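Colleague: Contents of model_8.cif (mmCIF, C-alpha atoms and all ligand atoms) are below:
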```cif
data_start
loop_
_atom_site.group_PDB
_atom_site.id
_atom_site.type_symbol
_atom_site.label_atom_id
_atom_site.label_comp_id
_atom_site.auth_asym_id
_atom_site.auth_seq_id
_atom_site.Cartn_x
_atom_site.Cartn_y
_atom_site.Cartn_z
ATOM 1 C CA MET A 1 0.000 0.000 0.000
ATOM 2 C CA GLN A 2 1.350 3.332 -0.947
ATOM 3 C CA GLN A 3 1.156 6.179 1.424
ATOM 4 C CA PHE A 4 0.965 9.694 0.191
ATOM 5 C CA GLU A 5 1.934 12.626 2.236
ATOM 6 C CA HIS A 6 -0.740 15.083 2.958
ATOM 7 C CA PHE A 7 -0.469 18.268 1.041
ATOM 8 C CA LYS A 8 1.885 20.629 2.766
ATOM 9 C CA ALA A 9 -0.266 23.655 2.784
ATOM 10 C CA SER A 10 0.137 24.523 6.397
ATOM 11 C CA GLU A 11 2.719 26.845 7.766
ATOM 12 C CA LEU A 12 3.488 27.427 11.363
ATOM 13 C CA TYR A 13 5.499 30.013 13.107
ATOM 14 C CA CYS A 14 8.873 28.617 13.950
ATOM 15 C CA PRO A 15 10.520 30.202 16.980
ATOM 16 C CA ARG A 16 13.924 29.160 15.801
ATOM 17 C CA CYS A 17 13.569 30.615 12.349
ATOM 18 C CA HIS A 18 11.612 33.577 13.701
ATOM 19 C CA GLN A 19 9.156 33.306 10.882
ATOM 20 C CA SER A 20 6.493 31.085 9.472
ATOM 21 C CA GLN A 21 7.835 28.032 7.834
ATOM 22 C CA PRO A 22 6.240 25.224 5.946
ATOM 23 C CA VAL A 23 5.880 22.251 8.174
ATOM 24 C CA ARG A 24 6.151 18.603 7.563
ATOM 25 C CA GLU A 25 3.681 16.236 9.068
ATOM 26 C CA ARG A 26 5.134 13.140 10.582
ATOM 27 C CA LEU A 27 3.375 10.232 12.114
ATOM 28 C CA LEU A 28 4.556 10.244 15.657
ATOM 29 C CA LEU A 29 2.487 7.716 17.481
ATOM 30 C CA VAL A 30 -0.322 5.330 16.757
ATOM 31 C CA LEU A 31 -2.845 5.027 19.501
ATOM 32 C CA PRO A 32 -5.727 2.587 19.632
ATOM 33 C CA HIS A 33 -8.195 5.355 18.986
ATOM 34 C CA ALA A 34 -6.139 7.924 17.169
ATOM 35 C CA GLU A 35 -2.926 8.763 15.432
ATOM 36 C CA LEU A 36 -0.603 11.407 16.691
ATOM 37 C CA TYR A 37 1.081 13.562 14.111
ATOM 38 C CA GLU A 38 3.886 15.925 14.691
ATOM 39 C CA TYR A 39 4.635 19.056 12.764
ATOM 40 C CA ARG A 40 8.227 19.882 12.160
ATOM 41 C CA CYS A 41 9.778 22.868 10.543
ATOM 42 C CA THR A 42 11.124 21.816 7.182
ATOM 43 C CA VAL A 43 14.047 24.197 7.557
ATOM 44 C CA CYS A 44 15.417 23.535 11.005
ATOM 45 C CA ALA A 45 13.393 20.478 11.948
ATOM 46 C CA ALA A 46 12.129 22.017 15.148
ATOM 47 C CA SER A 47 8.977 20.480 16.472
ATOM 48 C CA LEU A 48 6.233 23.040 16.076
ATOM 49 C CA GLY A 49 3.279 21.157 17.304
ATOM 50 C CA SER A 50 1.309 18.000 17.134
ATOM 51 C CA ARG A 51 -2.074 16.933 16.092
ATOM 52 C CA GLU A 52 -4.220 14.047 17.112
ATOM 53 C CA VAL A 53 -6.190 12.483 14.338
ATOM 54 C CA THR A 54 -8.997 10.331 15.499
ATOM 55 C CA ALA A 55 -10.653 7.626 13.535
ATOM 56 C CA PRO A 56 -12.793 8.654 10.610
ATOM 57 C CA PRO A 57 -16.143 10.116 11.617
ATOM 58 C CA LEU A 58 -18.009 7.254 10.052
ATOM 59 C CA ALA A 59 -16.727 4.825 12.613
ATOM 60 C CA ALA A 60 -16.307 6.688 15.835
ATOM 61 C CA ALA A 61 -18.069 10.007 15.808
ATOM 62 C CA ARG A 62 -21.514 8.932 16.800
ATOM 63 C CA PRO A 63 -22.370 5.668 18.381
ATOM 64 C CA PRO A 64 -25.546 4.111 17.055
ATOM 65 C CA ARG A 65 -28.402 5.443 18.998
ATOM 66 C CA ARG A 66 -31.876 4.014 19.175
ATOM 67 C CA ILE A 67 -34.598 6.373 18.324
ATOM 68 C CA PRO A 68 -37.298 6.184 20.936
ATOM 69 C CA SER A 69 -40.539 5.132 19.348
ATOM 70 C CA PRO A 70 -43.330 7.686 19.642
ATOM 71 C CA HIS A 71 -45.780 5.184 21.062
ATOM 72 C CA PRO A 72 -45.257 2.107 23.166
ATOM 73 C CA ALA A 73 -45.139 -1.275 21.558
ATOM 74 C CA ARG A 74 -48.484 -2.798 20.895
ATOM 75 C CA GLY A 75 -49.654 -6.048 22.385
ATOM 76 C CA GLN A 76 -48.257 -5.247 25.757
ATOM 77 C CA PRO A 77 -50.853 -4.441 28.360
ATOM 78 C CA PRO A 78 -50.024 -1.480 30.477
ATOM 79 C CA ALA A 79 -48.530 -2.301 33.779
ATOM 80 C CA ARG A 80 -51.332 -2.829 36.220
ATOM 81 C CA PRO A 81 -51.057 -3.277 39.896
ATOM 82 C CA GLY A 82 -51.616 -6.901 40.754
ATOM 83 C CA PRO A 83 -53.155 -8.126 43.971
ATOM 84 C CA PRO A 84 -50.699 -8.122 46.764
ATOM 85 C CA ARG A 85 -49.280 -11.551 47.147
ATOM 86 C CA GLY A 86 -49.234 -13.429 50.337
ATOM 87 C CA LEU A 87 -52.218 -11.652 51.817
ATOM 88 C CA LEU A 88 -55.039 -13.778 50.401
ATOM 89 C CA ARG A 89 -54.487 -16.864 52.440
HETATM 90 ZN ZN ZN B 1 12.529 26.475 11.721
#
```
Could you show the structure in this file as structure tokens?

Modeller:
Amino acid sequence: MQQFEHFKASELYCPRCHQSQPVRERLLLVLPHAELYEYRCTVCAASLGSREVTAPPLAAARPPRRIPSPHPARGQPPARPGPPRGLLR
């Protein structure tokens, strides 16, 4: 599988270069739920920041949620108070 670098559009201010520099995104760490990327100055290789990329929104963003039905299920009688047990002897 071939891995393409993301487009390097972003620039960050580099304190070493005292100006904005294009940054390179490097995969720093792979977590179970996310990937940690690090931004490095392409000129002096100073670490300028990191970014945590979580799993794609399709998988993790919203857990499946049941929509409550507007009316209760049919065929089930409403809960009625039964006769107290143990008192009819
Ligand atoms: Zn720099």

Colleague: Counting only C-alpha atoms and all ligand atoms, what are the residues, protein, DNA or RNA alike, that approach ligand ZN 1 (chain B) to within 10 Å? I want them as a CSV table (one decimal) with C-alpha atoms, in the frame of the given file.

Modeller:
```csv
chain,number,residue,atom,x,y,z
A,12,LEU,CA,3.5,27.4,11.4
A,13,TYR,CA,5.5,30.0,13.1
A,14,CYS,CA,8.9,28.6,14.0
A,15,PRO,CA,10.5,30.2,17.0
A,16,ARG,CA,13.9,29.2,15.8
A,17,CYS,CA,13.6,30.6,12.3
A,18,HIS,CA,11.6,33.6,13.7
A,19,GLN,CA,9.2,33.3,10.9
A,20,SER,CA,6.5,31.1,9.5
A,21,GLN,CA,7.8,28.0,7.8
A,22,PRO,CA,6.2,25.2,5.9
A,23,VAL,CA,5.9,22.3,8.2
A,40,ARG,CA,8.2,19.9,12.2
A,41,CYS,CA,9.8,22.9,10.5
A,42,THR,CA,11.1,21.8,7.2
A,43,VAL,CA,14.0,24.2,7.6
A,44,CYS,CA,15.4,23.5,11.0
A,45,ALA,CA,13.4,20.5,11.9
A,46,ALA,CA,12.1,22.0,15.1
A,47,SER,CA,9.0,20.5,16.5
A,48,LEU,CA,6.2,23.0,16.1
```

Colleague: Out of A:Pro84, A:His33, A:Ala79, A:Arg26, which residue has the shortest atom-to-atom distance to Ser50 in chain A when counting only C-alpha atoms?

Modeller: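 Closest residue, counting only C-alpha atoms: A:Arg26.
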
Colleague: Report, in Å to a single decimal, how far apart CA of Thr54 in chain A and CA of Tyr37 in chain A are.

Modeller: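 Rounded to one decimal, the two atoms are 10.7 Å apart.
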
Colleague: As an exercise, work out the distance from CA of Glu11 in chain A to CA of Glu35 in chain A in Å and give it to one decimal place.

Modeller: 20.4 Å

Colleague: Restricting the calculation to all atoms listed in the file, which member of A:Gly49, A:Gly86, A:Ala55, A:Arg80 is positioned closest to Ala34 in chain A?

Modeller: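 Checking each candidate against Ala34 in chain A, we get A:Ala55 as the closest.
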
Colleague: Report as a PyMOL selection string all protein, DNA and RNA residues lying within 8 Å of Leu36 in chain A, evaluated on all atoms listed in the file, omitting residues in the same chain fewer than 4 positions from it.

Modeller: chain A and resi 27-31+50-53
